[in-house]
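A.B. asks: What follows is a single structure, and I will ask about it in a moment.
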Amino acid sequence: MSEKLIKINGIDNGIDICTESFGNPNNPAILLIMGAMCSMVYWDEEFCQRLADTGRYVIRYDNRDVGRSIAYEPGNSQYTVEDMADDAIGVLDAYSIDEAHIVGMSLGGMIAQIIALRHPQRVLTITMIASSIFGSDDNNRDLPPMDENILAYHANGATVNWSDEESVANYLVAGSGLLCGSKHKFDEKRVYKQVRKEIKRANNLLSMFNHAILKGDASYEGKIKRIKVPALVIHGTEDTVLPYEHGLALANEIPNASLLTLDGTGHEIHFDDWDNIINAISNHTSVV
């Protein structure tokens, strides 16, 4: 288990993406894609190892603008969600993996949908955790928006002293606390550990906000029904970022998708849910 910086050849003639693997490379591969503004450290190391212990080869990586991957000037990124999907394929290429199971959290789940449509020959299954339909804002599905309290909290981000590590850590930890569902106790100690690692690893921490201005690709609008690979949707009933209705919409629109409902869970991969989530992914990735 060690981080590896790989070079992906794409529209930028080569970008650096930081990756890390767990388990036996001879086992079926699972590629983990994290959500917006979060690096791969939010796929907890213990979670990754336990998933690998089910007989899988698990790879996590930093998306562009987070962690040790390429960072663009804040407010000046030029890539799209489609580019991020191609980055995922570049990671598989670097590990000489022809086919993989794709697991995405939040934005990562939307990236997984594009991978399944754009590179179907590389995908065995997809799993979408706390995610939504790619481009759902434009499709008049009347899905509920993000909770106003979260929007209000992050609107205050401009007042944070981003040069003071302690202030930044407190801000990020408190923000994570807002995502915790009522069924769970917020594990502040675990999150502080992740946040401090996030701050230390970032090439440019403020570049993560480039994900907030991320562009999509209209060519994928309305095509989710064309996804042919087995799909699993995992969603909490108390998700305040992408409310539960988003998960229901995903499960209803992707042909033959399965749904795992996590009662009382928010926009999170909480330790208390790990057994359910890992077992569900293990079973789902055994069907192919």
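Following the order of the structure tokens, chains are lettered A, B, ..., residues in each are numbered from 1, and ligands are numbered from 1.
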Using only C-alpha atoms, which residues of region 192-278 of chain A come within 10 Å of region 29-47 of chain A, and what is the closest atom pair for each, with the distance in Å to one decimal? Give it as CSV, sorted by chain and residue number.
C.D. replies:
```
residue,atom,partner,partner_atom,distance
A:Lys193,CA,A:Val41,CA,9.6
A:Gln194,CA,A:Val41,CA,6.2
A:Val195,CA,A:Val41,CA,8.4
A:Lys197,CA,A:Val41,CA,7.4
A:Glu198,CA,A:Val41,CA,6.8
A:Ile199,CA,A:Ser39,CA,10.0
A:Arg201,CA,A:Ser39,CA,9.1
A:Ala202,CA,A:Ser39,CA,8.5
A:Leu205,CA,A:Met37,CA,9.2
A:Leu206,CA,A:Met37,CA,9.3
A:Ser207,CA,A:Met37,CA,8.4
A:Met208,CA,A:Met37,CA,4.6
A:Phe209,CA,A:Met37,CA,6.3
A:Asn210,CA,A:Met37,CA,7.9
A:His211,CA,A:Ala36,CA,5.8
A:Ala212,CA,A:Ala36,CA,7.6
A:Leu214,CA,A:Ala36,CA,9.3
A:Glu268,CA,A:Tyr42,CA,9.6
A:Ile269,CA,A:Trp43,CA,8.3
A:His270,CA,A:Asp44,CA,9.9
A:Phe271,CA,A:Phe47,CA,8.3
A:Trp274,CA,A:Phe47,CA,7.1
A:Asp275,CA,A:Phe47,CA,9.3
A:Ile277,CA,A:Phe47,CA,9.8
A:Ile278,CA,A:Phe47,CA,8.1
```
A.B. asks: List the neighbours of Asn252 (chain A) out to 12 Å using only C-alpha atoms; skip same-chain residues closer than 4 positions along the sequence, and give me the result as number ranges by chain.
C.D. replies: A: 132-133, 224-225, 231-233, 245-248, 256-259
A.B. asks: Give me a file of those residues, with C-alpha atoms, as a tab-separated table (two decimals), in the first residue's frame.
C.D. replies:
```
chain	number	residue	atom	x	y	z
A	132	SER	CA	-27.63	11.67	-8.42
A	133	ILE	CA	-28.43	11.53	-12.10
A	224	ILE	CA	-28.81	7.18	-18.40
A	225	LYS	CA	-31.32	4.55	-19.57
A	231	ALA	CA	-25.85	-0.85	-11.26
A	232	LEU	CA	-26.15	-0.48	-7.50
A	233	VAL	CA	-27.44	2.67	-5.80
A	245	GLU	CA	-35.14	11.29	-3.87
A	246	HIS	CA	-31.99	11.59	-5.99
A	247	GLY	CA	-31.06	8.00	-5.17
A	248	LEU	CA	-34.58	6.83	-5.93
A	256	ASN	CA	-32.47	-3.13	-13.53
A	257	ALA	CA	-30.59	-1.09	-10.91
A	258	SER	CA	-30.57	-2.27	-7.30
A	259	LEU	CA	-31.10	0.08	-4.34
```
A.B. asks: Run DSSP on the backbone and give me the residues of region 213-268 of chain A it puts in strand (DSSP E), as an MDAnalysis selection string.
C.D. replies: chainID A and resid 231:236 258:262
A.B. asks: Within 10 Å of Tyr220 (chain A), counting only C-alpha atoms, which residues qualify if same-chain residues fewer than 2 places away don't, as a list of chain:residue names?
C.D. replies: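 These residues fall inside the cut-off: A:Glu82, A:Gln113, A:Ile114, A:Leu117, A:Arg118, A:Phe134, A:Gly135, A:Gly216, A:Asp217, A:Ala218, A:Gly222, A:Lys223, A:Ile224.
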A.B. asks: Which value, in Å to one decimal, gives the distance between CA of Asn63 (chain A) and CA of Lys200 (chain A)?
C.D. replies: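 CA of Lys200 (chain A) lies 16.2 Å from CA of Asn63 (chain A).
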A.B. asks: Figure out the distance between CA of Gly109 (chain A) and CA of Ser131 (chain A), please, to one decimal in Å.
C.D. replies: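 Interatomic distance here is 5.4 Å.
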A.B. asks: Given the choices A:Ile15, A:Val191, A:Val287, A:Ile6, which gets closest to Asn170 (chain A) if the distance is worked out from only C-alpha atoms?
C.D. replies: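 When distances to Asn170 (chain A) are compared using only C-alpha atoms, the smallest one comes from A:Val191.
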A.B. asks: Can you work out the spacing between CA of Asp62 (chain A) and CA of Ala152 (chain A) in Å, to one decimal?
C.D. replies: 26.9 Å
A.B. asks: Out of A:Arg56, A:His184, A:Arg50, A:His267, which residue has the shortest atom-to-atom distance to Met146 (chain A) when counting only C-alpha atoms?
C.D. replies: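 Looking only at the distances to Met146 (chain A), the closest residue turns out to be A:His267.
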A.B. asks: Using DSSP on the backbone coordinates, identify all residues within region 39-243 of chain A classified as alpha helix (DSSP H); present the result as a PyMOL selection string.
C.D. replies: chain A and resi 45-52+81-94+107-118+148-155+165-177+188-201
